Amino acid sequence: MDHDHSHAPRADADRRLLLGALGLIVAFMAAEVVLGLVIGSLALLADAGHMLTDAGAIALALVAMRLAARPAAGAYTYGLKRAEILSAQANGLTLAVLVVLFTVEGVRRLLHPPDVPGGAVAVVAAAGIAVNLVAAWLIARADRRSLNVAGAYWHIVTDLFAFVATLVAGLVILLTGWTQADALAGLVVAALMAVAAYRLLRDSYRIFLEASPRGIEPGAVETAIRGVSGVTDVHELHVWEVTSGFPALSAHVLVDSGVDCHERRLAIETLLDERFAIDHTTLQVDHRDQVVPASELGRRIRPGPEAPH
């Protein structure tokens, strides 16, 4: 089958949305770092660190989208589509490192809390909520079936919840004077980062290890193929993802001697596309009575002893 996996108009729109979110994040992050250092707030610095990963995630997503759009050439027969998965994995690893750093610092500050002005923390957190709502809205309009875009989106969403926690911490400090609330908010941010990191690393490793796409069970696919009229057996069935949203399948299918191999191949391809949304397939279809057993094939290929001269 002829497969076209280029979606230039959609990709261009996604890039514009991501660029808009990136501009908002970078501008607010710079202001938050300055204020966090001035007032000594771990919650604000943790949020700024998370926003740095947000900016990095979006920048990586943009670069990966550009690379993935390049056509296949030379040794890269699928092009550079898995650059998007590398980007998602880098985002997940970055989040994991920050989880460790902020958890250690959060525990230290719980034991030895510094003085933090709750009013300033609450004001910055409220502004951060507004910025992240707009950024999340922009990225939500992009194609989040891409693990690359989904990674950037989850960065923004976890940061949004982190700002909510920071706002609560600022109000608690302002109203009660309990300064440990700042460190506690930092630990909440770290926990949210851990969840996002796990999701990104789990999904990216599934693709790198060529597991079947989520929602597609190879056993169900094999059963469906065997159910096609004329099919007698299925061998070497493999289902994997080239990149997020790009499932692929290969298989060796045997059919009755009285049916047309090419017609059955088209019927199987139609089934896979309609039932499992797999439209990139490589199927070898043979008549069952014309397949040479592997043992027999080995005897035919292996040269016999040389005749004596």
# chains A, B, ... in the order shown; residues from 1 in each chain; ligands from 1
$ select_by_dssp --residues "range 176-278 of chain A" --states "strand (DSSP E)" --output "list in words"
Val231, Thr232, Asp233, Val234, His235, Glu236, Leu237, His238, Val239, Trp240, Glu241, Val242, Thr243, Phe246, Pro247, Ala248, Leu249, Ser250, Ala251, His252, Val253, Leu254 and Val255 of chain A
$ write_last_selection --atoms "N, CA, C and O atoms" --output "compact mmCIF listing (two decimals), in the first residue's frame"
# COMPACT_ATOMS: atom_id res chain seq x y z
N VAL A 231 -8.00 -17.57 4.91
CA VAL A 231 -6.74 -17.58 5.67
C VAL A 231 -6.68 -18.86 6.50
O VAL A 231 -7.63 -19.22 7.20
N THR A 232 -5.53 -19.56 6.41
CA THR A 232 -5.36 -20.82 7.16
C THR A 232 -4.33 -20.69 8.29
O THR A 232 -4.40 -21.46 9.25
N ASP A 233 -3.42 -19.75 8.22
CA ASP A 233 -2.41 -19.63 9.27
C ASP A 233 -1.75 -18.26 9.21
O ASP A 233 -1.77 -17.59 8.16
N VAL A 234 -1.17 -17.85 10.34
CA VAL A 234 -0.44 -16.57 10.44
C VAL A 234 0.87 -16.83 11.18
O VAL A 234 0.87 -17.46 12.24
N HIS A 235 1.99 -16.38 10.60
CA HIS A 235 3.30 -16.54 11.22
C HIS A 235 3.99 -15.17 11.32
O HIS A 235 3.64 -14.23 10.59
N GLU A 236 4.98 -15.10 12.19
CA GLU A 236 5.86 -13.92 12.28
C GLU A 236 5.08 -12.60 12.32
O GLU A 236 5.38 -11.65 11.59
N LEU A 237 4.06 -12.57 13.17
CA LEU A 237 3.27 -11.35 13.31
C LEU A 237 4.00 -10.38 14.25
O LEU A 237 4.33 -10.73 15.39
N HIS A 238 4.23 -9.18 13.79
CA HIS A 238 4.88 -8.13 14.59
C HIS A 238 4.07 -6.85 14.47
O HIS A 238 3.70 -6.44 13.36
N VAL A 239 3.78 -6.22 15.61
CA VAL A 239 3.07 -4.94 15.64
C VAL A 239 3.89 -3.99 16.51
O VAL A 239 4.22 -4.33 17.65
N TRP A 240 4.22 -2.82 15.99
CA TRP A 240 5.02 -1.87 16.75
C TRP A 240 4.66 -0.45 16.33
O TRP A 240 3.81 -0.25 15.45
N GLU A 241 5.30 0.54 16.96
CA GLU A 241 5.10 1.94 16.59
C GLU A 241 6.43 2.52 16.11
O GLU A 241 7.44 2.45 16.83
N VAL A 242 6.42 3.10 14.93
CA VAL A 242 7.61 3.81 14.45
C VAL A 242 7.81 5.06 15.28
O VAL A 242 8.91 5.38 15.74
N THR A 243 6.74 5.79 15.48
CA THR A 243 6.68 6.92 16.40
C THR A 243 5.25 7.02 16.89
O THR A 243 4.39 6.24 16.43
N PHE A 246 1.96 6.27 14.74
CA PHE A 246 2.37 5.65 13.49
C PHE A 246 2.58 4.15 13.74
O PHE A 246 3.71 3.68 13.81
N PRO A 247 1.49 3.37 13.88
CA PRO A 247 1.63 1.93 14.08
C PRO A 247 2.00 1.23 12.78
O PRO A 247 1.66 1.70 11.68
N ALA A 248 2.72 0.13 12.90
CA ALA A 248 3.13 -0.65 11.73
C ALA A 248 2.98 -2.13 12.05
O ALA A 248 2.99 -2.54 13.22
N LEU A 249 2.83 -2.93 11.00
CA LEU A 249 2.62 -4.37 11.18
C LEU A 249 3.27 -5.13 10.03
O LEU A 249 3.26 -4.67 8.88
N SER A 250 3.83 -6.27 10.38
CA SER A 250 4.31 -7.20 9.36
C SER A 250 3.88 -8.61 9.75
O SER A 250 3.76 -8.92 10.94
N ALA A 251 3.64 -9.47 8.75
CA ALA A 251 3.21 -10.83 9.04
C ALA A 251 3.34 -11.70 7.79
O ALA A 251 3.35 -11.20 6.66
N HIS A 252 3.46 -13.01 8.03
CA HIS A 252 3.42 -14.01 6.97
C HIS A 252 2.10 -14.75 7.08
O HIS A 252 1.80 -15.33 8.12
N VAL A 253 1.30 -14.68 6.03
CA VAL A 253 -0.05 -15.23 6.06
C VAL A 253 -0.16 -16.34 5.02
O VAL A 253 0.28 -16.18 3.87
N LEU A 254 -0.75 -17.48 5.42
CA LEU A 254 -1.00 -18.58 4.49
C LEU A 254 -2.48 -18.65 4.19
O LEU A 254 -3.31 -18.46 5.09
N VAL A 255 -2.80 -18.92 2.91
CA VAL A 255 -4.20 -18.98 2.49
C VAL A 255 -4.44 -20.27 1.71
O VAL A 255 -3.51 -20.95 1.28
$ residues_around --residues "Leu111 in chain A" --least-positions-apart "3" --cutoff "12 Å" --atoms "only C-alpha atoms" --output "number ranges by chain"
A: 104-108, 114, 179-181, 183-184
$ select_by_dssp --residues "range 76-261 of chain A" --states "alpha helix (DSSP H)" --output "PyMOL selection string"
chain A and resi 83-111+118-140+147-176+180-208+218-226+261
$ residues_around --residues "range 11-19 of chain A" --least-positions-apart "5" --cutoff "10 Å" --atoms "only C-alpha atoms" --output "JSON, numbers by chain"
{"A": [6, 24, 25, 55, 58, 59, 61, 62, 63, 65, 66, 69, 135, 136, 137, 138, 139, 140, 141, 142, 143, 144, 149, 152, 153]}
$ write_last_selection --atoms "N, CA and C atoms" --output "PDB file, in the first residue's frame"
ATOM      1  N   SER A   6       2.841  12.362   5.950  1.00  0.00           N
ATOM      2  CA  SER A   6       3.194  13.769   6.094  1.00  0.00           C
ATOM      3  C   SER A   6       1.933  14.579   6.297  1.00  0.00           C
ATOM      4  N   LEU A  24       5.349  32.714  26.185  1.00  0.00           N
ATOM      5  CA  LEU A  24       4.741  32.998  27.487  1.00  0.00           C
ATOM      6  C   LEU A  24       5.555  32.400  28.635  1.00  0.00           C
ATOM      7  N   ILE A  25       5.962  31.154  28.473  1.00  0.00           N
ATOM      8  CA  ILE A  25       6.673  30.445  29.534  1.00  0.00           C
ATOM      9  C   ILE A  25       8.014  31.101  29.832  1.00  0.00           C
ATOM     10  N   ALA A  55       9.914  25.019  29.109  1.00  0.00           N
ATOM     11  CA  ALA A  55      10.493  25.698  27.951  1.00  0.00           C
ATOM     12  C   ALA A  55      11.366  24.736  27.146  1.00  0.00           C
ATOM     13  N   ILE A  58       9.153  22.275  25.222  1.00  0.00           N
ATOM     14  CA  ILE A  58       8.545  22.856  24.021  1.00  0.00           C
ATOM     15  C   ILE A  58       9.593  23.071  22.938  1.00  0.00           C
ATOM     16  N   ALA A  59      10.794  23.567  23.341  1.00  0.00           N
ATOM     17  CA  ALA A  59      11.866  23.777  22.359  1.00  0.00           C
ATOM     18  C   ALA A  59      12.277  22.451  21.719  1.00  0.00           C
ATOM     19  N   ALA A  61      10.420  19.830  21.461  1.00  0.00           N
ATOM     20  CA  ALA A  61       9.295  19.399  20.634  1.00  0.00           C
ATOM     21  C   ALA A  61       9.346  20.069  19.261  1.00  0.00           C
ATOM     22  N   LEU A  62       9.672  21.355  19.257  1.00  0.00           N
ATOM     23  CA  LEU A  62       9.755  22.084  17.987  1.00  0.00           C
ATOM     24  C   LEU A  62      10.876  21.548  17.110  1.00  0.00           C
ATOM     25  N   VAL A  63      12.049  21.301  17.712  1.00  0.00           N
ATOM     26  CA  VAL A  63      13.175  20.760  16.948  1.00  0.00           C
ATOM     27  C   VAL A  63      12.838  19.362  16.433  1.00  0.00           C
ATOM     28  N   MET A  65       9.909  18.064  15.861  1.00  0.00           N
ATOM     29  CA  MET A  65       8.904  18.133  14.800  1.00  0.00           C
ATOM     30  C   MET A  65       9.550  18.459  13.465  1.00  0.00           C
ATOM     31  N   ARG A  66      10.526  19.350  13.501  1.00  0.00           N
ATOM     32  CA  ARG A  66      11.239  19.720  12.280  1.00  0.00           C
ATOM     33  C   ARG A  66      12.012  18.521  11.725  1.00  0.00           C
ATOM     34  N   ALA A  69       9.789  15.736  10.239  1.00  0.00           N
ATOM     35  CA  ALA A  69       9.144  16.082   8.967  1.00  0.00           C
ATOM     36  C   ALA A  69      10.043  15.795   7.764  1.00  0.00           C
ATOM     37  N   ALA A 135      -0.999  28.916  28.221  1.00  0.00           N
ATOM     38  CA  ALA A 135      -0.060  28.022  27.540  1.00  0.00           C
ATOM     39  C   ALA A 135      -0.669  26.637  27.344  1.00  0.00           C
ATOM     40  N   ALA A 136      -1.352  26.128  28.375  1.00  0.00           N
ATOM     41  CA  ALA A 136      -1.991  24.816  28.263  1.00  0.00           C
ATOM     42  C   ALA A 136      -3.091  24.839  27.203  1.00  0.00           C
ATOM     43  N   TRP A 137      -3.830  25.941  27.139  1.00  0.00           N
ATOM     44  CA  TRP A 137      -4.889  26.064  26.127  1.00  0.00           C
ATOM     45  C   TRP A 137      -4.290  26.037  24.720  1.00  0.00           C
ATOM     46  N   LEU A 138      -3.156  26.705  24.527  1.00  0.00           N
ATOM     47  CA  LEU A 138      -2.510  26.710  23.210  1.00  0.00           C
ATOM     48  C   LEU A 138      -2.063  25.311  22.810  1.00  0.00           C
ATOM     49  N   ILE A 139      -1.367  24.619  23.736  1.00  0.00           N
ATOM     50  CA  ILE A 139      -0.839  23.304  23.389  1.00  0.00           C
ATOM     51  C   ILE A 139      -1.957  22.272  23.263  1.00  0.00           C
ATOM     52  N   ALA A 140      -3.046  22.455  24.020  1.00  0.00           N
ATOM     53  CA  ALA A 140      -4.177  21.529  23.925  1.00  0.00           C
ATOM     54  C   ALA A 140      -4.799  21.553  22.535  1.00  0.00           C
ATOM     55  N   ARG A 141      -4.625  22.648  21.820  1.00  0.00           N
ATOM     56  CA  ARG A 141      -5.167  22.747  20.460  1.00  0.00           C
ATOM     57  C   ARG A 141      -4.282  22.038  19.441  1.00  0.00           C
ATOM     58  N   ALA A 142      -3.043  21.683  19.825  1.00  0.00           N
ATOM     59  CA  ALA A 142      -2.157  20.943  18.934  1.00  0.00           C
ATOM     60  C   ALA A 142      -2.528  19.456  18.959  1.00  0.00           C
ATOM     61  N   ASP A 143      -1.869  18.676  18.113  1.00  0.00           N
ATOM     62  CA  ASP A 143      -2.180  17.253  17.992  1.00  0.00           C
ATOM     63  C   ASP A 143      -1.494  16.483  19.119  1.00  0.00           C
ATOM     64  N   ARG A 144      -2.238  16.211  20.204  1.00  0.00           N
ATOM     65  CA  ARG A 144      -1.639  15.562  21.368  1.00  0.00           C
ATOM     66  C   ARG A 144      -1.576  14.037  21.229  1.00  0.00           C
ATOM     67  N   VAL A 149       4.313  16.148  21.531  1.00  0.00           N
ATOM     68  CA  VAL A 149       3.436  17.249  21.936  1.00  0.00           C
ATOM     69  C   VAL A 149       2.801  16.944  23.290  1.00  0.00           C
ATOM     70  N   ALA A 152       5.153  17.902  26.093  1.00  0.00           N
ATOM     71  CA  ALA A 152       5.149  19.339  26.382  1.00  0.00           C
ATOM     72  C   ALA A 152       3.868  19.728  27.121  1.00  0.00           C
ATOM     73  N   TYR A 153       2.751  19.133  26.724  1.00  0.00           N
ATOM     74  CA  TYR A 153       1.468  19.454  27.364  1.00  0.00           C
ATOM     75  C   TYR A 153       1.472  19.059  28.837  1.00  0.00           C
TER      76      TYR A 153
END
$ closest_atom_pairs --of "range 201-223 of chain A" --to "range 79-100 of chain A" --cutoff "8 Å" --atoms "only C-alpha atoms" --output "CSV"
residue,atom,partner,partner_atom,distance
A:Leu201,CA,A:Gly92,CA,5.4
A:Ser204,CA,A:Ile85,CA,5.7
A:Tyr205,CA,A:Gln89,CA,7.8
A:Ile207,CA,A:Ile85,CA,7.7
$ write_last_selection --atoms "all heavy atoms" --output "PDB file, in the first residue's frame"
ATOM      1  N   LEU A 201       8.562   8.605  30.330  1.00  0.00           N
ATOM      2  CA  LEU A 201       9.566   7.557  30.197  1.00  0.00           C
ATOM      3  C   LEU A 201       8.924   6.218  29.866  1.00  0.00           C
ATOM      4  O   LEU A 201       9.422   5.465  29.015  1.00  0.00           O
ATOM      5  CB  LEU A 201      10.376   7.453  31.492  1.00  0.00           C
ATOM      6  CG  LEU A 201      11.271   8.663  31.793  1.00  0.00           C
ATOM      7  CD1 LEU A 201      11.920   8.509  33.164  1.00  0.00           C
ATOM      8  CD2 LEU A 201      12.334   8.839  30.722  1.00  0.00           C
ATOM      9  N   SER A 204       7.729   6.396  26.099  1.00  0.00           N
ATOM     10  CA  SER A 204       8.833   6.467  25.143  1.00  0.00           C
ATOM     11  C   SER A 204       9.598   5.145  25.106  1.00  0.00           C
ATOM     12  O   SER A 204      10.001   4.674  24.027  1.00  0.00           O
ATOM     13  CB  SER A 204       9.771   7.623  25.481  1.00  0.00           C
ATOM     14  OG  SER A 204      10.348   7.479  26.759  1.00  0.00           O
ATOM     15  N   TYR A 205       9.801   4.505  26.272  1.00  0.00           N
ATOM     16  CA  TYR A 205      10.502   3.222  26.281  1.00  0.00           C
ATOM     17  C   TYR A 205       9.688   2.145  25.579  1.00  0.00           C
ATOM     18  O   TYR A 205      10.258   1.248  24.947  1.00  0.00           O
ATOM     19  CB  TYR A 205      10.822   2.793  27.714  1.00  0.00           C
ATOM     20  CG  TYR A 205      12.102   3.389  28.235  1.00  0.00           C
ATOM     21  CD1 TYR A 205      12.109   4.193  29.374  1.00  0.00           C
ATOM     22  CD2 TYR A 205      13.320   3.175  27.585  1.00  0.00           C
ATOM     23  CE1 TYR A 205      13.282   4.760  29.848  1.00  0.00           C
ATOM     24  CE2 TYR A 205      14.499   3.733  28.049  1.00  0.00           C
ATOM     25  CZ  TYR A 205      14.475   4.522  29.187  1.00  0.00           C
ATOM     26  OH  TYR A 205      15.633   5.082  29.643  1.00  0.00           O
ATOM     27  N   ILE A 207       7.962   2.526  22.944  1.00  0.00           N
ATOM     28  CA  ILE A 207       8.205   2.684  21.509  1.00  0.00           C
ATOM     29  C   ILE A 207       9.620   2.233  21.155  1.00  0.00           C
ATOM     30  O   ILE A 207       9.844   1.536  20.154  1.00  0.00           O
ATOM     31  CB  ILE A 207       7.953   4.138  21.086  1.00  0.00           C
ATOM     32  CG1 ILE A 207       6.452   4.440  21.183  1.00  0.00           C
ATOM     33  CG2 ILE A 207       8.450   4.394  19.663  1.00  0.00           C
ATOM     34  CD1 ILE A 207       6.068   5.858  20.859  1.00  0.00           C
TER      35      ILE A 207
END
$ atom_distance --atom1 "CA of Leu110 in chain A" --atom2 "CA of Ser41 in chain A"
12.5 Å
$ atom_distance --atom1 "CA of Phe28 in chain A" --atom2 "CA of Gly128 in chain A"
7.4 Å
$ atom_distance --atom1 "CA of Trp154 in chain A" --atom2 "CA of Ala120 in chain A"
26.6 Å
$ closest_residue --among "A:Val168, A:Arg70, A:Met29, A:Trp178" --to "Leu52 in chain A" --atoms "only C-alpha atoms"
A:Met29
$ closest_residue --among "A:Met51, A:Ala122, A:Val131, A:Ile278" --to "Pro218 in chain A" --atoms "only C-alpha atoms"
A:Ile278
$ closest_residue --among "A:Leu35, A:Leu147, A:Ala211, A:Ala75" --to "Ala57 in chain A" --atoms "only C-alpha atoms"
A:Leu147
$ closest_residue --among "A:Leu67, A:Val285, A:Ile216, A:Ala48" --to "Ile156 in chain A" --atoms "only C-alpha atoms"
A:Ala48
$ closest_residue --among "A:Asp256, A:Leu272, A:Ala267, A:His262" --to "Gln284 in chain A" --atoms "only C-alpha atoms"
A:His262
$ decode --residues "range 219-233 of chain A" --atoms "all heavy atoms" --output "short mmCIF file (atom, residue, chain, number, x, y, z; two decimals), in the first residue's frame"
data_model
loop_
_atom_site.label_atom_id
_atom_site.label_comp_id
_atom_site.auth_asym_id
_atom_site.auth_seq_id
_atom_site.Cartn_x
_atom_site.Cartn_y
_atom_site.Cartn_z
N GLY A 219 -2.58 -10.45 20.03
CA GLY A 219 -3.41 -11.65 19.96
C GLY A 219 -4.73 -11.38 19.26
O GLY A 219 -5.21 -12.21 18.47
N ALA A 220 -5.32 -10.22 19.54
CA ALA A 220 -6.59 -9.86 18.90
C ALA A 220 -6.39 -9.62 17.40
O ALA A 220 -7.25 -9.95 16.58
CB ALA A 220 -7.19 -8.63 19.56
N VAL A 221 -5.25 -9.03 17.05
CA VAL A 221 -4.95 -8.79 15.64
C VAL A 221 -4.80 -10.12 14.90
O VAL A 221 -5.34 -10.32 13.80
CB VAL A 221 -3.66 -7.95 15.49
CG1 VAL A 221 -3.27 -7.83 14.02
CG2 VAL A 221 -3.85 -6.57 16.11
N GLU A 222 -4.07 -11.05 15.52
CA GLU A 222 -3.88 -12.36 14.89
C GLU A 222 -5.22 -13.07 14.72
O GLU A 222 -5.49 -13.67 13.66
CB GLU A 222 -2.93 -13.22 15.72
CG GLU A 222 -2.69 -14.59 15.12
CD GLU A 222 -1.69 -15.42 15.91
OE1 GLU A 222 -1.00 -14.85 16.78
OE2 GLU A 222 -1.61 -16.65 15.65
N THR A 223 -6.06 -13.04 15.73
CA THR A 223 -7.37 -13.67 15.64
C THR A 223 -8.20 -13.07 14.51
O THR A 223 -8.88 -13.78 13.76
CB THR A 223 -8.13 -13.52 16.98
OG1 THR A 223 -7.38 -14.15 18.02
CG2 THR A 223 -9.52 -14.14 16.89
N ALA A 224 -8.12 -11.74 14.37
CA ALA A 224 -8.88 -11.07 13.32
C ALA A 224 -8.38 -11.48 11.93
O ALA A 224 -9.18 -11.72 11.02
CB ALA A 224 -8.78 -9.56 13.49
N ILE A 225 -7.07 -11.59 11.78
CA ILE A 225 -6.52 -12.00 10.48
C ILE A 225 -6.92 -13.44 10.16
O ILE A 225 -7.30 -13.75 9.02
CB ILE A 225 -4.98 -11.85 10.47
CG1 ILE A 225 -4.59 -10.38 10.60
CG2 ILE A 225 -4.39 -12.44 9.18
CD1 ILE A 225 -3.09 -10.15 10.72
N ARG A 226 -6.85 -14.31 11.16
CA ARG A 226 -7.23 -15.71 10.95
C ARG A 226 -8.72 -15.82 10.59
O ARG A 226 -9.14 -16.79 9.96
CB ARG A 226 -6.95 -16.54 12.19
CG ARG A 226 -5.46 -16.78 12.46
CD ARG A 226 -5.25 -17.58 13.73
NE ARG A 226 -3.85 -17.79 14.02
CZ ARG A 226 -3.12 -18.79 13.53
NH1 ARG A 226 -3.70 -19.69 12.74
NH2 ARG A 226 -1.85 -18.91 13.84
N GLY A 227 -9.51 -14.82 10.99
CA GLY A 227 -10.92 -14.84 10.69
C GLY A 227 -11.28 -14.42 9.27
O GLY A 227 -12.43 -14.56 8.86
N VAL A 228 -10.30 -13.91 8.54
CA VAL A 228 -10.55 -13.53 7.15
C VAL A 228 -10.75 -14.79 6.31
O VAL A 228 -9.99 -15.76 6.43
CB VAL A 228 -9.37 -12.69 6.60
CG1 VAL A 228 -9.55 -12.43 5.10
CG2 VAL A 228 -9.25 -11.39 7.36
N SER A 229 -11.76 -14.79 5.47
CA SER A 229 -12.09 -15.96 4.64
C SER A 229 -10.88 -16.37 3.80
O SER A 229 -10.25 -15.55 3.14
CB SER A 229 -13.26 -15.63 3.73
OG SER A 229 -13.54 -16.70 2.86
N GLY A 230 -10.56 -17.66 3.85
CA GLY A 230 -9.46 -18.19 3.06
C GLY A 230 -8.14 -18.26 3.79
O GLY A 230 -7.23 -18.96 3.35
N VAL A 231 -8.00 -17.57 4.91
CA VAL A 231 -6.74 -17.58 5.67
C VAL A 231 -6.68 -18.86 6.50
O VAL A 231 -7.63 -19.22 7.20
CB VAL A 231 -6.64 -16.36 6.60
CG1 VAL A 231 -5.42 -16.48 7.52
CG2 VAL A 231 -6.54 -15.09 5.77
N THR A 232 -5.53 -19.56 6.41
CA THR A 232 -5.36 -20.82 7.16
C THR A 232 -4.33 -20.69 8.29
O THR A 232 -4.40 -21.46 9.25
CB THR A 232 -4.91 -21.94 6.21
OG1 THR A 232 -3.63 -21.60 5.63
CG2 THR A 232 -5.93 -22.16 5.10
N ASP A 233 -3.42 -19.75 8.22
CA ASP A 233 -2.41 -19.63 9.27
C ASP A 233 -1.75 -18.26 9.21
O ASP A 233 -1.77 -17.59 8.16
CB ASP A 233 -1.36 -20.72 9.14
CG ASP A 233 -0.71 -21.08 10.47
OD1 ASP A 233 -1.00 -20.37 11.47
OD2 ASP A 233 0.07 -22.04 10.52
#
